[in-house]
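Asker: What follows is the file query25.pdb, containing PDB, C-alpha atoms and all ligand atoms:
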MODEL        1
ATOM      1  CA  MET A  13       0.000   0.000   0.000
ATOM      2  CA  ALA A  14       0.976   3.528  -0.470
ATOM      3  CA  ILE A  15      -0.637   6.899  -0.282
ATOM      4  CA  ILE A  16      -2.308   7.766  -3.575
ATOM      5  CA  LEU A  17      -3.081  11.176  -5.036
ATOM      6  CA  PRO A  18      -6.888  11.505  -4.975
ATOM      7  CA  ASP A  19      -8.631  12.734  -8.117
ATOM      8  CA  LEU A  20     -10.203  16.160  -7.940
ATOM      9  CA  PRO A  21     -13.932  15.877  -7.192
ATOM     10  CA  TYR A  22     -14.672  18.213 -10.165
ATOM     11  CA  ALA A  23     -13.094  19.242 -13.466
ATOM     12  CA  TYR A  24      -9.894  21.293 -13.436
ATOM     13  CA  ASP A  25     -11.740  24.292 -14.855
ATOM     14  CA  ALA A  26     -14.841  23.866 -12.667
ATOM     15  CA  LEU A  27     -13.872  26.627 -10.244
ATOM     16  CA  GLU A  28     -13.252  29.235 -12.955
ATOM     17  CA  PRO A  29     -13.120  32.194 -12.799
ATOM     18  CA  TYR A  30     -12.324  32.085  -9.078
ATOM     19  CA  ILE A  31      -9.610  29.440  -9.250
ATOM     20  CA  ASP A  32      -8.153  28.983 -12.733
ATOM     21  CA  ALA A  33      -7.577  25.656 -14.473
ATOM     22  CA  GLU A  34      -3.833  26.186 -14.907
ATOM     23  CA  THR A  35      -3.423  26.678 -11.178
ATOM     24  CA  MET A  36      -5.525  23.580 -10.457
ATOM     25  CA  HIS A  37      -3.389  21.469 -12.813
ATOM     26  CA  LEU A  38      -0.118  22.663 -11.301
ATOM     27  CA  HIS A  39      -1.393  22.583  -7.743
ATOM     28  CA  HIS A  40      -3.001  19.146  -7.871
ATOM     29  CA  ASP A  41      -0.907  17.273 -10.444
ATOM     30  CA  LYS A  42       2.504  18.669  -9.484
ATOM     31  CA  HIS A  43       2.535  20.107  -5.971
ATOM     32  CA  HIS A  44       0.163  17.636  -4.335
ATOM     33  CA  GLN A  45       1.733  14.708  -6.215
ATOM     34  CA  THR A  46       5.133  15.721  -4.847
ATOM     35  CA  TYR A  47       3.843  15.681  -1.270
ATOM     36  CA  VAL A  48       2.402  12.212  -1.901
ATOM     37  CA  ASN A  49       5.668  10.937  -3.372
ATOM     38  CA  ASN A  50       7.765  12.360  -0.554
ATOM     39  CA  ALA A  51       5.396  11.094   2.145
ATOM     40  CA  ASN A  52       5.572   7.609   0.633
ATOM     41  CA  ALA A  53       9.375   7.777   0.502
ATOM     42  CA  ALA A  54       9.453   8.632   4.212
ATOM     43  CA  LEU A  55       6.891   5.963   5.181
ATOM     44  CA  GLU A  56       8.834   3.296   3.262
ATOM     45  CA  LYS A  57      11.717   3.753   5.700
ATOM     46  CA  HIS A  58       9.470   2.754   8.616
ATOM     47  CA  PRO A  59       6.820   0.259   7.498
ATOM     48  CA  GLU A  60       6.205  -0.578  11.172
ATOM     49  CA  ILE A  61       4.397   2.737  11.791
ATOM     50  CA  GLY A  62       1.707   2.181   9.155
ATOM     51  CA  GLU A  63       0.239   4.849   6.911
ATOM     52  CA  ASP A  64      -2.458   6.496   9.019
ATOM     53  CA  LEU A  65      -1.226  10.050   8.561
ATOM     54  CA  GLU A  66      -3.962  11.620  10.692
ATOM     55  CA  ALA A  67      -3.049   9.418  13.641
ATOM     56  CA  LEU A  68       0.678   9.937  13.126
ATOM     57  CA  LEU A  69       0.403  13.720  12.820
ATOM     58  CA  ALA A  70      -1.907  13.887  15.835
ATOM     59  CA  ASP A  71       1.089  12.686  17.850
ATOM     60  CA  VAL A  72       4.199  13.857  16.030
ATOM     61  CA  GLU A  73       6.485  12.689  18.846
ATOM     62  CA  SER A  74       5.451   9.138  17.969
ATOM     63  CA  ILE A  75       6.988   9.516  14.488
ATOM     64  CA  PRO A  76      10.552   8.168  14.199
ATOM     65  CA  ALA A  77      12.947  11.103  14.426
ATOM     66  CA  ASP A  78      14.645  10.462  11.086
ATOM     67  CA  ILE A  79      11.389  10.913   9.151
ATOM     68  CA  ARG A  80       9.496  13.212  11.531
ATOM     69  CA  GLN A  81      10.011  16.489   9.700
ATOM     70  CA  ALA A  82       9.537  14.826   6.309
ATOM     71  CA  LEU A  83       6.149  13.521   7.426
ATOM     72  CA  ILE A  84       5.137  16.821   9.016
ATOM     73  CA  ASN A  85       5.910  18.526   5.701
ATOM     74  CA  ASN A  86       4.749  15.946   3.192
ATOM     75  CA  GLY A  87       2.207  13.903   5.139
ATOM     76  CA  GLY A  88       0.747  17.208   6.272
ATOM     77  CA  GLY A  89       0.944  18.477   2.700
ATOM     78  CA  HIS A  90      -1.016  15.467   1.492
ATOM     79  CA  LEU A  91      -3.712  15.693   4.193
ATOM     80  CA  ASN A  92      -4.101  19.446   3.823
ATOM     81  CA  HIS A  93      -4.452  19.324   0.045
ATOM     82  CA  ALA A  94      -6.740  16.266  -0.004
ATOM     83  CA  LEU A  95      -9.027  18.195   2.342
ATOM     84  CA  PHE A  96      -8.680  21.458   0.411
ATOM     85  CA  TRP A  97      -9.975  19.971  -2.875
ATOM     86  CA  GLU A  98     -13.057  18.658  -1.051
ATOM     87  CA  LEU A  99     -13.682  22.047   0.526
ATOM     88  CA  MET A 100     -14.337  23.696  -2.836
ATOM     89  CA  THR A 101     -17.177  23.220  -5.318
ATOM     90  CA  PRO A 102     -18.621  24.998  -8.357
ATOM     91  CA  GLU A 103     -22.071  24.519  -6.807
ATOM     92  CA  LYS A 104     -23.756  27.153  -4.710
ATOM     93  CA  THR A 105     -23.836  26.032  -1.084
ATOM     94  CA  ALA A 106     -24.420  27.664   2.295
ATOM     95  CA  PRO A 107     -23.688  26.717   5.903
ATOM     96  CA  SER A 108     -26.346  24.632   7.647
ATOM     97  CA  ALA A 109     -28.574  26.425  10.150
ATOM     98  CA  GLU A 110     -26.618  24.775  12.970
ATOM     99  CA  LEU A 111     -23.211  25.819  11.655
ATOM    100  CA  ALA A 112     -24.482  29.311  10.815
ATOM    101  CA  ALA A 113     -25.725  29.663  14.396
ATOM    102  CA  ALA A 114     -22.360  28.484  15.776
ATOM    103  CA  ILE A 115     -20.540  30.971  13.536
ATOM    104  CA  ASP A 116     -22.815  33.785  14.719
ATOM    105  CA  ALA A 117     -22.387  32.787  18.364
ATOM    106  CA  THR A 118     -18.590  32.626  18.064
ATOM    107  CA  PHE A 119     -17.771  35.537  15.783
ATOM    108  CA  GLY A 120     -20.866  37.765  15.972
ATOM    109  CA  SER A 121     -21.927  37.298  12.357
ATOM    110  CA  PHE A 122     -20.879  35.540   9.165
ATOM    111  CA  GLU A 123     -19.272  38.787   7.980
ATOM    112  CA  GLU A 124     -17.171  38.980  11.147
ATOM    113  CA  PHE A 125     -16.128  35.350  10.699
ATOM    114  CA  GLN A 126     -15.123  36.078   7.098
ATOM    115  CA  ALA A 127     -13.152  39.123   8.241
ATOM    116  CA  ALA A 128     -11.335  37.098  10.919
ATOM    117  CA  PHE A 129     -10.537  34.276   8.484
ATOM    118  CA  THR A 130      -9.404  36.777   5.852
ATOM    119  CA  ALA A 131      -7.167  38.498   8.406
ATOM    120  CA  VAL A 132      -5.281  35.328   9.377
ATOM    121  CA  ALA A 133      -5.054  34.246   5.720
ATOM    122  CA  THR A 134      -3.685  37.636   4.703
ATOM    123  CA  THR A 135      -1.200  37.989   7.535
ATOM    124  CA  ARG A 136       0.227  34.447   7.554
ATOM    125  CA  PHE A 137       3.828  35.363   6.733
ATOM    126  CA  GLY A 138       5.390  33.282   3.982
ATOM    127  CA  SER A 139       3.716  29.943   3.313
ATOM    128  CA  GLY A 140       0.932  28.303   5.253
ATOM    129  CA  TRP A 141      -2.765  27.815   5.735
ATOM    130  CA  ALA A 142      -5.745  29.617   7.243
ATOM    131  CA  TRP A 143      -8.225  27.441   9.110
ATOM    132  CA  LEU A 144     -11.603  27.250  10.747
ATOM    133  CA  VAL A 145     -11.248  24.513  13.349
ATOM    134  CA  VAL A 146     -13.142  22.913  16.187
ATOM    135  CA  ASN A 147     -10.772  23.280  19.116
ATOM    136  CA  LYS A 148     -10.229  21.052  22.145
ATOM    137  CA  GLU A 149     -13.110  22.783  23.936
ATOM    138  CA  GLY A 150     -15.435  21.931  21.046
ATOM    139  CA  LYS A 151     -15.593  25.591  19.984
ATOM    140  CA  LEU A 152     -15.058  27.151  16.582
ATOM    141  CA  GLU A 153     -11.773  29.002  16.184
ATOM    142  CA  VAL A 154      -9.996  30.764  13.342
ATOM    143  CA  THR A 155      -6.297  30.012  13.231
ATOM    144  CA  SER A 156      -3.394  29.572  10.859
ATOM    145  CA  THR A 157      -0.428  27.258  10.509
ATOM    146  CA  ALA A 158       2.962  27.659   8.853
ATOM    147  CA  ASN A 159       4.189  25.568   5.948
ATOM    148  CA  GLN A 160       2.226  22.270   5.798
ATOM    149  CA  ASP A 161       1.630  21.985   9.529
ATOM    150  CA  THR A 162      -1.854  20.635  10.235
ATOM    151  CA  PRO A 163      -4.097  21.778  13.115
ATOM    152  CA  ILE A 164      -4.503  18.061  13.869
ATOM    153  CA  SER A 165      -1.021  18.229  15.452
ATOM    154  CA  GLU A 166      -2.407  20.851  17.889
ATOM    155  CA  GLY A 167      -5.393  18.700  18.813
ATOM    156  CA  LYS A 168      -7.728  20.762  16.622
ATOM    157  CA  LYS A 169     -10.087  19.458  13.950
ATOM    158  CA  PRO A 170      -9.977  21.440  10.700
ATOM    159  CA  ILE A 171     -13.366  21.981   9.059
ATOM    160  CA  LEU A 172     -12.340  24.690   6.557
ATOM    161  CA  GLY A 173      -8.876  25.444   5.228
ATOM    162  CA  LEU A 174      -7.322  27.766   2.705
ATOM    163  CA  ASP A 175      -3.911  27.223   1.166
ATOM    164  CA  VAL A 176      -2.091  30.575   1.137
ATOM    165  CA  TRP A 177       1.178  29.323  -0.347
ATOM    166  CA  GLU A 178       2.057  31.408  -3.405
ATOM    167  CA  HIS A 179       1.697  28.263  -5.568
ATOM    168  CA  ALA A 180      -2.036  28.364  -4.770
ATOM    169  CA  TYR A 181      -2.678  31.755  -6.345
ATOM    170  CA  TYR A 182       0.345  33.284  -8.069
ATOM    171  CA  VAL A 183      -0.557  32.224 -11.634
ATOM    172  CA  LYS A 184      -3.828  34.174 -11.574
ATOM    173  CA  TYR A 185      -3.607  36.599  -8.678
ATOM    174  CA  ARG A 186       0.145  37.311  -8.751
ATOM    175  CA  ASN A 187       1.084  39.057  -5.502
ATOM    176  CA  VAL A 188      -2.474  40.012  -4.562
ATOM    177  CA  ARG A 189      -3.300  37.375  -1.961
ATOM    178  CA  PRO A 190      -6.388  39.247  -0.644
ATOM    179  CA  ASP A 191      -8.163  38.890  -4.029
ATOM    180  CA  TYR A 192      -7.558  35.130  -3.950
ATOM    181  CA  ILE A 193      -8.929  34.905  -0.411
ATOM    182  CA  LYS A 194     -12.050  36.825  -1.480
ATOM    183  CA  ALA A 195     -12.496  34.511  -4.486
ATOM    184  CA  PHE A 196     -12.210  31.434  -2.275
ATOM    185  CA  PHE A 197     -15.373  32.465  -0.445
ATOM    186  CA  SER A 198     -17.277  32.071  -3.742
ATOM    187  CA  VAL A 199     -16.310  28.400  -4.098
ATOM    188  CA  ILE A 200     -16.437  27.057  -0.529
ATOM    189  CA  ASN A 201     -18.242  23.724  -0.286
ATOM    190  CA  TRP A 202     -20.325  24.426   2.812
ATOM    191  CA  ASN A 203     -21.888  20.966   2.581
ATOM    192  CA  LYS A 204     -18.449  19.496   3.249
ATOM    193  CA  VAL A 205     -17.780  22.000   6.043
ATOM    194  CA  ASP A 206     -21.118  21.051   7.632
ATOM    195  CA  GLU A 207     -20.188  17.372   7.439
ATOM    196  CA  LEU A 208     -16.813  17.983   9.091
ATOM    197  CA  TYR A 209     -18.374  20.203  11.752
ATOM    198  CA  ALA A 210     -20.977  17.556  12.613
ATOM    199  CA  ALA A 211     -18.225  14.948  12.944
ATOM    200  CA  ALA A 212     -15.874  17.199  14.930
ATOM    201  CA  LYS A 213     -18.023  18.831  17.576
TER     202      LYS A 213
HETATM  203 FE    FE B 301      -0.764  23.978  -1.980
ENDMDL
END
Can I see the file as structure tokens?
Answerer:
Amino acid sequence: MAIILPDLPYAYDALEPYIDAETMHLHHDKHHQTYVNNANAALEKHPEIGEDLEALLADVESIPADIRQALINNGGGHLNHALFWELMTPEKTAPSAELAAAIDATFGSFEEFQAAFTAVATTRFGSGWAWLVVNKEGKLEVTSTANQDTPISEGKKPILGLDVWEHAYYVKYRNVRPDYIKAFFSVINWNKVDELYAAAK
């Protein structure tokens, strides 16, 4: 067994004009494939630990030291991207009444949630991710991680994530990360976020 690159759940051009087809090809076929290849190369050195990346990254100290950083980077890269593709859709969706109420209770309103998420996505220095997570207290929280670190390693369950590495937006949006973040809100798959929220809380 090995980790396999999942197919996109839609066509490469399905998220146009918000996310362009060229970016989706490069991002999925090249960047994500590289994380998969490198994660498999690391896992092959220690077949005794299995391939359950979520379990391994939930307890990074359990990962053998010689492959720990490689799995944080590439196992995390695989998990983050596999989730990211599922979190977007060309279909029009909206948060469930339950999730919408939780967002309102936590952030004040959907607009304030979007502003908080946009702020962490904009200000994440260098490469990383912006997240909406369910934290250890079972509450919604907006946070960000560097590089390919996953919130799972902090005991948090990601229910929405945005890749803010330059490879995710530079082809279309060049240096203007805020325009990419705004566009992302037009393609969020709230049905998937609802599903993850129901499972996480
Ligand atoms: Fe990426």
Asker: List the residues matched by the PyMOL selection byres (((chain A and resi 84) around 10) and not hetatm) in the displayed structure as a VMD selection string, ordered by chain and then by residue number.
Answerer: chain A and resid 51 65 68 to 69 72 75 79 to 83 85 to 90 159 to 162 165
Asker: Could you list, as a PDB file with C-alpha atoms, in the frame of the given file, all the residues within 9 Å of ligand FE 301 (chain B), counting only C-alpha atoms and all ligand atoms?
Answerer:
ATOM      1  CA  HIS A  39      -1.393  22.583  -7.743  1.00  0.00           C
ATOM      2  CA  HIS A  40      -3.001  19.146  -7.871  1.00  0.00           C
ATOM      3  CA  HIS A  43       2.535  20.107  -5.971  1.00  0.00           C
ATOM      4  CA  HIS A  44       0.163  17.636  -4.335  1.00  0.00           C
ATOM      5  CA  GLY A  89       0.944  18.477   2.700  1.00  0.00           C
ATOM      6  CA  ASN A  92      -4.101  19.446   3.823  1.00  0.00           C
ATOM      7  CA  HIS A  93      -4.452  19.324   0.045  1.00  0.00           C
ATOM      8  CA  PHE A  96      -8.680  21.458   0.411  1.00  0.00           C
ATOM      9  CA  GLY A 140       0.932  28.303   5.253  1.00  0.00           C
ATOM     10  CA  TRP A 141      -2.765  27.815   5.735  1.00  0.00           C
ATOM     11  CA  GLN A 160       2.226  22.270   5.798  1.00  0.00           C
ATOM     12  CA  LEU A 174      -7.322  27.766   2.705  1.00  0.00           C
ATOM     13  CA  ASP A 175      -3.911  27.223   1.166  1.00  0.00           C
ATOM     14  CA  VAL A 176      -2.091  30.575   1.137  1.00  0.00           C
ATOM     15  CA  TRP A 177       1.178  29.323  -0.347  1.00  0.00           C
ATOM     16  CA  GLU A 178       2.057  31.408  -3.405  1.00  0.00           C
ATOM     17  CA  HIS A 179       1.697  28.263  -5.568  1.00  0.00           C
ATOM     18  CA  ALA A 180      -2.036  28.364  -4.770  1.00  0.00           C
TER      19      ALA A 180
END
Asker: Go through A:Val205, A:Leu38, A:Ala94, A:Leu55 and flag the residue nearest Leu172 (chain A), using all atoms listed in the file for the distances.
Answerer: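 Nearest to Leu172 (chain A): A:Val205.
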Asker: To one decimal place, how far is CA of Glu73 (chain A) from CA of Ala158 (chain A) in Å?
Answerer: 18.3 Å
Asker: Enumerate, as a ChimeraX atom specification, the residues matched when the PyMOL selection byres (((chain A and resi 145) around 6) and not hetatm) is run on the file above.
Answerer: /A:143-144,146-147,152-153,169-171
Asker: Could you please determine the separation between CA of Gly150 (chain A) and CA of Phe196 (chain A) in Å, to one decimal place?
Answerer: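 A separation of 25.4 Å between them.
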Asker: Please expand the PyMOL selection byres (((chain A and resi 105) around 12) and not hetatm) into the concrete residues it hits in this file, giving the result as JSON, numbers by chain.
Answerer: {"A": [99, 100, 101, 102, 103, 104, 106, 107, 108, 197, 198, 199, 200, 201, 202, 203, 204, 205, 206]}
Asker: Return the single residue from A:Ala210, A:Val183, A:Ala142, A:Leu17 that is closest to Lys42 (chain A), with distances computed using all atoms listed in the file.
Answerer: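 Between A:Ala210, A:Val183, A:Ala142, A:Leu17, the residue approaching Lys42 (chain A) most closely is A:Leu17.
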Asker: With distances taken over all atoms listed in the file, which of A:Ile31, A:Ile15, A:Leu95, A:Leu208 is nearest to Tyr182 (chain A)?
Answerer: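 With all atoms listed in the file as the atom set, the closest residue is A:Ile31.
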Asker: List as number ranges by chain the protein and nucleic acid residues near region 20-26 of chain A, meaning an atom at most 7 Å away when all atoms listed in the file are counted, but skip any in the same chain fewer than 4 places from it.
Answerer: A: 32-33, 36-37, 97-98, 102
Asker: How would region 170-181 of chain A read, as a compact mmCIF listing (two decimals), keeping the file's coordinate frame, once all heavy atoms are built in?
Answerer:
# COMPACT_ATOMS: atom_id res chain seq x y z
N PRO A 170 -9.70 20.46 11.76
CA PRO A 170 -9.98 21.44 10.70
C PRO A 170 -11.29 21.14 9.99
O PRO A 170 -11.57 20.00 9.65
CB PRO A 170 -8.79 21.27 9.75
CG PRO A 170 -8.28 19.89 9.98
CD PRO A 170 -8.59 19.56 11.42
N ILE A 171 -12.12 22.17 9.82
CA ILE A 171 -13.37 21.98 9.06
C ILE A 171 -13.39 22.86 7.81
O ILE A 171 -14.20 22.65 6.92
CB ILE A 171 -14.62 22.20 9.93
CG1 ILE A 171 -14.75 23.64 10.43
CG2 ILE A 171 -14.60 21.25 11.14
CD1 ILE A 171 -16.14 23.93 11.06
N LEU A 172 -12.50 23.87 7.76
CA LEU A 172 -12.34 24.69 6.56
C LEU A 172 -10.88 25.13 6.51
O LEU A 172 -10.32 25.49 7.55
CB LEU A 172 -13.25 25.93 6.63
CG LEU A 172 -13.15 26.90 5.44
CD1 LEU A 172 -13.66 26.25 4.16
CD2 LEU A 172 -13.96 28.18 5.72
N GLY A 173 -10.28 25.06 5.34
CA GLY A 173 -8.88 25.44 5.23
C GLY A 173 -8.60 26.10 3.91
O GLY A 173 -9.20 25.74 2.89
N LEU A 174 -7.72 27.08 3.94
CA LEU A 174 -7.32 27.77 2.70
C LEU A 174 -5.80 27.77 2.60
O LEU A 174 -5.10 28.25 3.50
CB LEU A 174 -7.85 29.21 2.70
CG LEU A 174 -7.39 30.06 1.51
CD1 LEU A 174 -7.88 29.47 0.19
CD2 LEU A 174 -7.89 31.50 1.66
N ASP A 175 -5.33 27.24 1.48
CA ASP A 175 -3.91 27.22 1.17
C ASP A 175 -3.49 28.64 0.77
O ASP A 175 -4.03 29.19 -0.20
CB ASP A 175 -3.72 26.26 -0.01
CG ASP A 175 -2.28 25.99 -0.35
OD1 ASP A 175 -1.39 26.76 0.08
OD2 ASP A 175 -2.04 25.00 -1.07
N VAL A 176 -2.57 29.24 1.52
CA VAL A 176 -2.09 30.58 1.14
C VAL A 176 -0.62 30.56 0.71
O VAL A 176 0.05 31.59 0.71
CB VAL A 176 -2.35 31.65 2.23
CG1 VAL A 176 -3.86 31.85 2.41
CG2 VAL A 176 -1.69 31.33 3.55
N TRP A 177 -0.12 29.37 0.32
CA TRP A 177 1.18 29.32 -0.35
C TRP A 177 1.05 30.08 -1.67
O TRP A 177 0.00 30.05 -2.32
CB TRP A 177 1.57 27.88 -0.66
CG TRP A 177 2.05 27.06 0.51
CD1 TRP A 177 1.39 26.82 1.69
CD2 TRP A 177 3.29 26.36 0.60
NE1 TRP A 177 2.16 26.01 2.49
CE2 TRP A 177 3.32 25.71 1.86
CE3 TRP A 177 4.38 26.20 -0.27
CZ2 TRP A 177 4.40 24.92 2.27
CZ3 TRP A 177 5.45 25.41 0.14
CH2 TRP A 177 5.46 24.80 1.40
N GLU A 178 2.13 30.69 -2.12
CA GLU A 178 2.06 31.41 -3.40
C GLU A 178 1.67 30.48 -4.55
O GLU A 178 1.01 30.90 -5.50
CB GLU A 178 3.39 32.10 -3.70
CG GLU A 178 3.59 33.35 -2.86
CD GLU A 178 4.82 34.15 -3.24
OE1 GLU A 178 5.69 33.62 -3.97
OE2 GLU A 178 4.91 35.31 -2.80
N HIS A 179 2.04 29.19 -4.47
CA HIS A 179 1.70 28.26 -5.57
C HIS A 179 0.18 28.13 -5.74
O HIS A 179 -0.28 27.70 -6.79
CB HIS A 179 2.38 26.89 -5.40
CG HIS A 179 1.86 26.03 -4.27
ND1 HIS A 179 2.71 25.34 -3.42
CD2 HIS A 179 0.61 25.72 -3.87
CE1 HIS A 179 1.97 24.64 -2.56
NE2 HIS A 179 0.70 24.86 -2.80
N ALA A 180 -0.58 28.50 -4.71
CA ALA A 180 -2.04 28.36 -4.77
C ALA A 180 -2.70 29.50 -5.53
O ALA A 180 -3.86 29.37 -5.93
CB ALA A 180 -2.61 28.30 -3.35
N TYR A 181 -2.00 30.60 -5.73
CA TYR A 181 -2.68 31.76 -6.34
C TYR A 181 -1.83 32.59 -7.29
O TYR A 181 -2.35 33.46 -7.98
CB TYR A 181 -3.24 32.68 -5.24
CG TYR A 181 -2.20 33.29 -4.30
CD1 TYR A 181 -1.55 34.48 -4.62
CD2 TYR A 181 -1.88 32.67 -3.10
CE1 TYR A 181 -0.62 35.04 -3.77
CE2 TYR A 181 -0.95 33.22 -2.23
CZ TYR A 181 -0.32 34.40 -2.57
OH TYR A 181 0.62 34.95 -1.72
